[in-house]
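A.B. asks: Structure provided below as structure tokens; questions to follow.
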Amino acid sequence: MRGGVIPAALQLTSTPAAAVLHAIRVGGPVTRDQLASTTGLSAATINRQVHALAAHGLVAERPDLAGPKTIGRPKNPLTIDRDSLCVAGLHIGARRSVLVIADLGGRTLHSHAVLTPSGDQQEAIEQLCTQLAELAGRFSGRRLLWGGVALGGAVDAETGVVDHRVLGWHQLPVGETLAGRLGTPVSVCEHVEAMAAAELLLGGPRDATGTGLFFYARETAGMAMTLEGRVHVPERGAGTIAHLPVSAPVLAPGHTRVRLQNVIGDDAALAAAHRLGIDPDSSRIVDERARVLGEAVAMIRDVINPDTIVVAGDAFAAHPHGLAPVQAAFDEASTLDRPLEIAPSRFGVHVQESAAVVVALSVIYADPIAAVATL
């Protein structure tokens with residue numbers, strides 16, 4: 001089996017094999033006639049792609065799922081193979097990391113969190129990669145296709161080398177290390193870009209057309225942009241919104257230059273609670289954090305004017321009234337006339353898990369025949 005680092009493909013593609021696999025994955029069980037209607041491809045093209053995908057074990061005919069017999073050739077439904085294939089994903093966070101095994105459709109088979117190791121960077125990544133390889137080994141009855149890593153910091157997608165300021169990692173060969181442990185190809189991606197890709201690729205996309213913004217805020221803050229079904233990946237690495245100026249007299253009083261990063265994490269809430277003698281979940285704290293986030297999202301919205309906005313992360317989810325206070329602050333701060341609803345990530349608390357999974361699946365989804373043929 002071929003290993004090595006392959007750049008993630010964070011986009012919906014229109015190649016016939018990708019279109020057919022996507023239609024089967026999202027709509028299955030489906031017949032060839034239904035595929036032709038869904039994809040717009042000819043019957044001959046559908047047959048060729050189904051034959052090729054089946055030859056590589058990605059899809060299967062399911063006569064047992066066929067409806068009542070009718071006159072003419074039986075129309076056997078098609079499904080993806082959810083039983084004999086899997087991928088392995090790793091989301092590396094500042095404090096904890098998530099290990100996950102998923103099937104070809106992106107459905108989680110098993111996941112669990114571990115503390116992100118500190119100390120020597122090479123020992124830390126080797127420990128995480130060994131843990132993921134051991135987890136994958138428990139699924140020896142399935143064929144492991146790919147590995148994926150999603151994490152913060154600066155990622156060289158071509159080499160899988162990472163710089164991570166928060167963890168103190170510099171020029172760390174994350175992709176090469178995991179490929180060596182798994183014996184499969186591996187893709188490595190910046191985690192907020194991966195989260196945005198999960199919204200597009202895992203399941204049926206909300207709306208792949210137009211421009212979208214994805215915001216993540218937990219202990220750190222990040223943003224990614226999607227354009228016509230593709231995550232924008234800047235050539236020089238992901239940008240940052242952590243430095244956005246904010247007004248936060250409760251969370252950061254007396255500071256003349258307050259940045260978004262200073263007020264979103266647990267440490268800021270705990271410090272404010274201690275200083276004021278109140279609970280970290282008190283309305284004074286959570287209301288201000290919701291306002292700050294809504295205003296920050298509005299600032300970027302007014303610059304880019306996207307068609308959709310999706311948000312994820314504990315900072316957005318922590319308010320007892322959900323996204324309503326964030327939406328209210330956003331509506332008040334935005335200077336554009338067109339109303340725009342902020343939508344939560346479809347993956348909720350599993351957004352880190354979904355990011356790791358989509359990095360492991362993205363190349364297969366983009367060009368399934370070419371990706372699997374070389375394994």
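Residue numbering restarts at 1 in every chain; chains get A, B, ... in the order shown in the structure tokens, and ligands count up from 1 in that same order.
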Using only C-alpha atoms, find each residue in region 186-262 of chain A having at least one atom no more than 6 Å away from region 146-155 of chain A; report its shortest atom-to-atom pair and that distance in Å (one decimal), rows by chain then rising number, as a Markdown table.
C.D. replies:
```
| residue | atom | partner | partner_atom | distance |
| --- | --- | --- | --- | --- |
| A:Val186 | CA | A:Gly147 | CA | 4.5 |
| A:Ser187 | CA | A:Gly148 | CA | 4.9 |
| A:Val188 | CA | A:Val149 | CA | 4.7 |
| A:Cys189 | CA | A:Ala150 | CA | 5.0 |
| A:Glu190 | CA | A:Leu151 | CA | 5.3 |
| A:His191 | CA | A:Ala150 | CA | 4.5 |
| A:Gly237 | CA | A:Ala154 | CA | 5.9 |
```
A.B. asks: Those same residues - N, CA, C and O atoms - I'd like them written as a short mmCIF file (atom, residue, chain, number, x, y, z; two decimals), in the first residue's frame.
C.D. replies:
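What landed in again_11.cif:
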```cif
data_model
loop_
_atom_site.label_atom_id
_atom_site.label_comp_id
_atom_site.auth_asym_id
_atom_site.auth_seq_id
_atom_site.Cartn_x
_atom_site.Cartn_y
_atom_site.Cartn_z
N VAL A 186 -1.66 10.13 3.64
CA VAL A 186 -2.14 11.01 4.72
C VAL A 186 -2.27 12.42 4.16
O VAL A 186 -1.44 12.87 3.36
N SER A 187 -3.30 13.12 4.58
CA SER A 187 -3.47 14.53 4.26
C SER A 187 -3.49 15.32 5.56
O SER A 187 -4.01 14.85 6.57
N VAL A 188 -2.92 16.53 5.51
CA VAL A 188 -2.84 17.40 6.70
C VAL A 188 -3.42 18.75 6.32
O VAL A 188 -3.10 19.29 5.27
N CYS A 189 -4.24 19.32 7.21
CA CYS A 189 -4.96 20.54 6.85
C CYS A 189 -5.16 21.42 8.08
O CYS A 189 -5.30 20.92 9.21
N GLU A 190 -5.19 22.73 7.86
CA GLU A 190 -5.55 23.68 8.91
C GLU A 190 -6.97 23.38 9.36
O GLU A 190 -7.85 23.16 8.55
N HIS A 191 -7.23 23.42 10.67
CA HIS A 191 -8.47 22.82 11.17
C HIS A 191 -9.73 23.63 10.86
O HIS A 191 -10.79 23.03 10.65
N GLY A 237 -0.86 30.16 3.60
CA GLY A 237 -1.43 29.70 4.87
C GLY A 237 -2.64 30.50 5.30
O GLY A 237 -2.92 31.59 4.79
#
```
A.B. asks: Please return as JSON, numbers by chain: the residues of region 85-263 of chain A that backbone DSSP assigns to strand (DSSP E).
C.D. replies: {"A": [85, 86, 87, 88, 89, 90, 91, 92, 96, 97, 98, 99, 100, 101, 102, 108, 109, 110, 111, 112, 113, 114, 115, 143, 144, 145, 146, 147, 148, 149, 150, 151, 154, 155, 156, 161, 162, 163, 164, 169, 170, 171, 172, 173, 186, 187, 188, 189, 190, 211, 212, 213, 214, 215, 216, 217, 221, 222, 223, 224, 225, 226, 227, 230, 231]}
A.B. asks: Could the residues of region 155-199 of chain A that have an atom at most 12 Å from region 109-120 of chain A be listed as CSV, each with its closest atom pair and the distance in Å to one decimal, counting only C-alpha atoms and ordered by chain and ascending residue number?
C.D. replies:
```
residue,atom,partner,partner_atom,distance
A:Val166,CA,A:Ser118,CA,10.9
A:Leu167,CA,A:Ser118,CA,7.5
A:Gly168,CA,A:Gly119,CA,9.0
A:Trp169,CA,A:Asp120,CA,8.8
A:His170,CA,A:Asp120,CA,10.9
A:Leu172,CA,A:Asp120,CA,10.7
```
A.B. asks: Would you export the selected residues with N, CA and C atoms as a CSV table (one decimal), in the first residue's frame, please?
C.D. replies:
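The resulting file, out-v7.csv, is shown below:
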```
chain,number,residue,atom,x,y,z
A,166,VAL,N,1.1,27.8,19.4
A,166,VAL,CA,0.5,27.5,20.8
A,166,VAL,C,1.1,26.3,21.4
A,167,LEU,N,1.4,25.3,20.5
A,167,LEU,CA,2.0,24.0,21.0
A,167,LEU,C,3.5,24.1,21.0
A,168,GLY,N,4.1,25.2,20.4
A,168,GLY,CA,5.5,25.3,20.4
A,168,GLY,C,6.2,24.3,19.4
A,169,TRP,N,5.4,23.9,18.3
A,169,TRP,CA,5.9,23.1,17.3
A,169,TRP,C,6.5,23.9,16.1
A,170,HIS,N,7.6,23.5,15.6
A,170,HIS,CA,8.3,24.2,14.5
A,170,HIS,C,8.8,23.2,13.5
A,172,LEU,N,7.5,20.6,12.1
A,172,LEU,CA,7.2,19.3,12.6
A,172,LEU,C,6.6,18.4,11.5
```
A.B. asks: Could you name the residues that touch region 76-78 of chain A at 8 Å or less, counting only C-alpha atoms, but leaving out those on the same chain fewer than 5 positions away, as an mmCIF file with all heavy atoms, in the first residue's frame?
C.D. replies:
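Result file is part_25.cif:
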```
data_model
loop_
_atom_site.group_PDB
_atom_site.id
_atom_site.type_symbol
_atom_site.label_atom_id
_atom_site.label_comp_id
_atom_site.auth_asym_id
_atom_site.auth_seq_id
_atom_site.Cartn_x
_atom_site.Cartn_y
_atom_site.Cartn_z
ATOM 1 N N ILE A 24 -24.581 8.677 -4.753
ATOM 2 C CA ILE A 24 -24.866 7.409 -4.078
ATOM 3 C C ILE A 24 -24.703 7.559 -2.573
ATOM 4 O O ILE A 24 -25.520 7.073 -1.783
ATOM 5 C CB ILE A 24 -23.958 6.286 -4.617
ATOM 6 C CG1 ILE A 24 -24.244 6.021 -6.100
ATOM 7 C CG2 ILE A 24 -24.136 5.007 -3.804
ATOM 8 C CD1 ILE A 24 -23.278 5.047 -6.748
ATOM 9 N N GLY A 28 -28.253 7.340 -1.453
ATOM 10 C CA GLY A 28 -28.436 5.905 -1.543
ATOM 11 C C GLY A 28 -29.371 5.331 -0.488
ATOM 12 O O GLY A 28 -29.550 5.927 0.586
ATOM 13 N N PRO A 29 -29.992 4.170 -0.806
ATOM 14 C CA PRO A 29 -29.839 3.412 -2.053
ATOM 15 C C PRO A 29 -30.563 4.084 -3.222
ATOM 16 O O PRO A 29 -31.693 4.536 -3.074
ATOM 17 C CB PRO A 29 -30.456 2.052 -1.724
ATOM 18 C CG PRO A 29 -31.425 2.334 -0.608
ATOM 19 C CD PRO A 29 -30.869 3.482 0.162
ATOM 20 N N VAL A 30 -29.862 4.138 -4.359
ATOM 21 C CA VAL A 30 -30.425 4.767 -5.558
ATOM 22 C C VAL A 30 -30.192 3.862 -6.761
ATOM 23 O O VAL A 30 -29.228 3.093 -6.803
ATOM 24 C CB VAL A 30 -29.792 6.142 -5.835
ATOM 25 C CG1 VAL A 30 -30.177 7.154 -4.777
ATOM 26 C CG2 VAL A 30 -28.273 6.040 -5.934
ATOM 27 N N THR A 31 -31.061 3.973 -7.750
ATOM 28 C CA THR A 31 -30.899 3.212 -8.990
ATOM 29 C C THR A 31 -30.108 4.031 -9.995
ATOM 30 O O THR A 31 -29.909 5.242 -9.829
ATOM 31 C CB THR A 31 -32.263 2.861 -9.594
ATOM 32 O OG1 THR A 31 -32.921 4.072 -9.993
ATOM 33 C CG2 THR A 31 -33.135 2.107 -8.594
ATOM 34 N N ARG A 32 -29.701 3.392 -11.066
ATOM 35 C CA ARG A 32 -28.981 4.103 -12.127
ATOM 36 C C ARG A 32 -29.854 5.196 -12.746
ATOM 37 O O ARG A 32 -29.362 6.270 -13.089
ATOM 38 C CB ARG A 32 -28.511 3.113 -13.196
ATOM 39 C CG ARG A 32 -27.312 2.253 -12.774
ATOM 40 C CD ARG A 32 -27.070 1.126 -13.760
ATOM 41 N NE ARG A 32 -25.814 0.436 -13.541
ATOM 42 C CZ ARG A 32 -25.632 -0.498 -12.619
ATOM 43 N NH1 ARG A 32 -26.634 -0.828 -11.799
ATOM 44 N NH2 ARG A 32 -24.453 -1.085 -12.487
ATOM 45 N N VAL A 59 -18.574 1.071 -4.141
ATOM 46 C CA VAL A 59 -20.029 0.963 -4.161
ATOM 47 C C VAL A 59 -20.417 -0.482 -4.454
ATOM 48 O O VAL A 59 -19.598 -1.267 -4.942
ATOM 49 C CB VAL A 59 -20.673 1.907 -5.211
ATOM 50 C CG1 VAL A 59 -20.265 3.351 -4.971
ATOM 51 C CG2 VAL A 59 -20.318 1.468 -6.632
ATOM 52 N N ALA A 60 -21.662 -0.794 -4.155
ATOM 53 C CA ALA A 60 -22.137 -2.165 -4.367
ATOM 54 C C ALA A 60 -23.592 -2.150 -4.809
ATOM 55 O O ALA A 60 -24.372 -1.283 -4.403
ATOM 56 C CB ALA A 60 -21.999 -2.984 -3.085
ATOM 57 N N GLU A 61 -23.953 -3.106 -5.656
ATOM 58 C CA GLU A 61 -25.355 -3.304 -6.021
ATOM 59 C C GLU A 61 -26.044 -4.056 -4.905
ATOM 60 O O GLU A 61 -25.479 -4.979 -4.320
ATOM 61 C CB GLU A 61 -25.465 -4.087 -7.327
ATOM 62 C CG GLU A 61 -25.059 -3.282 -8.545
ATOM 63 C CD GLU A 61 -25.666 -3.859 -9.825
ATOM 64 O OE1 GLU A 61 -26.912 -3.875 -9.920
ATOM 65 O OE2 GLU A 61 -24.900 -4.276 -10.695
ATOM 66 N N ARG A 62 -27.281 -3.648 -4.625
ATOM 67 C CA ARG A 62 -28.030 -4.258 -3.527
ATOM 68 C C ARG A 62 -29.385 -4.750 -4.020
ATOM 69 O O ARG A 62 -30.415 -4.113 -3.822
ATOM 70 C CB ARG A 62 -28.214 -3.235 -2.407
ATOM 71 C CG ARG A 62 -26.920 -2.800 -1.725
ATOM 72 C CD ARG A 62 -26.337 -3.921 -0.881
ATOM 73 N NE ARG A 62 -27.296 -4.387 0.094
ATOM 74 C CZ ARG A 62 -27.469 -3.823 1.299
ATOM 75 N NH1 ARG A 62 -26.745 -2.763 1.638
ATOM 76 N NH2 ARG A 62 -28.357 -4.313 2.146
ATOM 77 N N PRO A 63 -29.395 -5.923 -4.687
ATOM 78 C CA PRO A 63 -30.688 -6.471 -5.149
ATOM 79 C C PRO A 63 -31.649 -6.733 -4.005
ATOM 80 O O PRO A 63 -32.867 -6.744 -4.208
ATOM 81 C CB PRO A 63 -30.287 -7.760 -5.870
ATOM 82 C CG PRO A 63 -28.917 -8.088 -5.370
ATOM 83 C CD PRO A 63 -28.265 -6.785 -5.055
ATOM 84 N N LEU A 65 -32.405 -4.782 -1.780
ATOM 85 C CA LEU A 65 -33.143 -3.558 -1.478
ATOM 86 C C LEU A 65 -34.078 -3.140 -2.605
ATOM 87 O O LEU A 65 -34.710 -2.085 -2.527
ATOM 88 C CB LEU A 65 -32.158 -2.407 -1.196
ATOM 89 C CG LEU A 65 -31.228 -2.595 -0.003
ATOM 90 C CD1 LEU A 65 -30.289 -1.403 0.114
ATOM 91 C CD2 LEU A 65 -32.019 -2.789 1.292
ATOM 92 N N ALA A 66 -34.152 -3.960 -3.655
ATOM 93 C CA ALA A 66 -35.012 -3.627 -4.799
ATOM 94 C C ALA A 66 -36.478 -3.695 -4.402
ATOM 95 O O ALA A 66 -36.878 -4.479 -3.526
ATOM 96 C CB ALA A 66 -34.741 -4.576 -5.960
#
```
A.B. asks: Looking at only C-alpha atoms, which of A:Val310, A:Ala317, A:Ala268, A:Ala242 is the one that sits closest to Ala198 (chain A)?
C.D. replies: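 Going through A:Val310, A:Ala317, A:Ala268, A:Ala242 one by one, the smallest distance to Ala198 (chain A) is for A:Val310.
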A.B. asks: List the neighbours of Arg230 (chain A) out to 9 Å using only C-alpha atoms; skip same-chain residues closer than 6 positions along the sequence, and give me the result as JSON, numbers by chain.
C.D. replies: {"A": [9, 10, 11, 12, 13, 197, 200, 208]}
A.B. asks: Those same residues, written as a PDB file, in the first residue's frame with C-alpha atoms?
C.D. replies:
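Dumped everything to result.pdb:
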```pdb
ATOM      1  CA  ALA A   9      -8.916  18.404  -1.682  1.00  0.00           C
ATOM      2  CA  LEU A  10     -11.392  20.630   0.132  1.00  0.00           C
ATOM      3  CA  GLN A  11     -13.981  20.982  -2.598  1.00  0.00           C
ATOM      4  CA  LEU A  12     -16.945  19.465  -4.370  1.00  0.00           C
ATOM      5  CA  THR A  13     -15.771  18.297  -7.778  1.00  0.00           C
ATOM      6  CA  ALA A 197     -14.972  21.531   4.210  1.00  0.00           C
ATOM      7  CA  LEU A 200     -19.619  21.057   2.192  1.00  0.00           C
ATOM      8  CA  ALA A 208     -22.620  24.773  -2.437  1.00  0.00           C
TER       9      ALA A 208
END
```
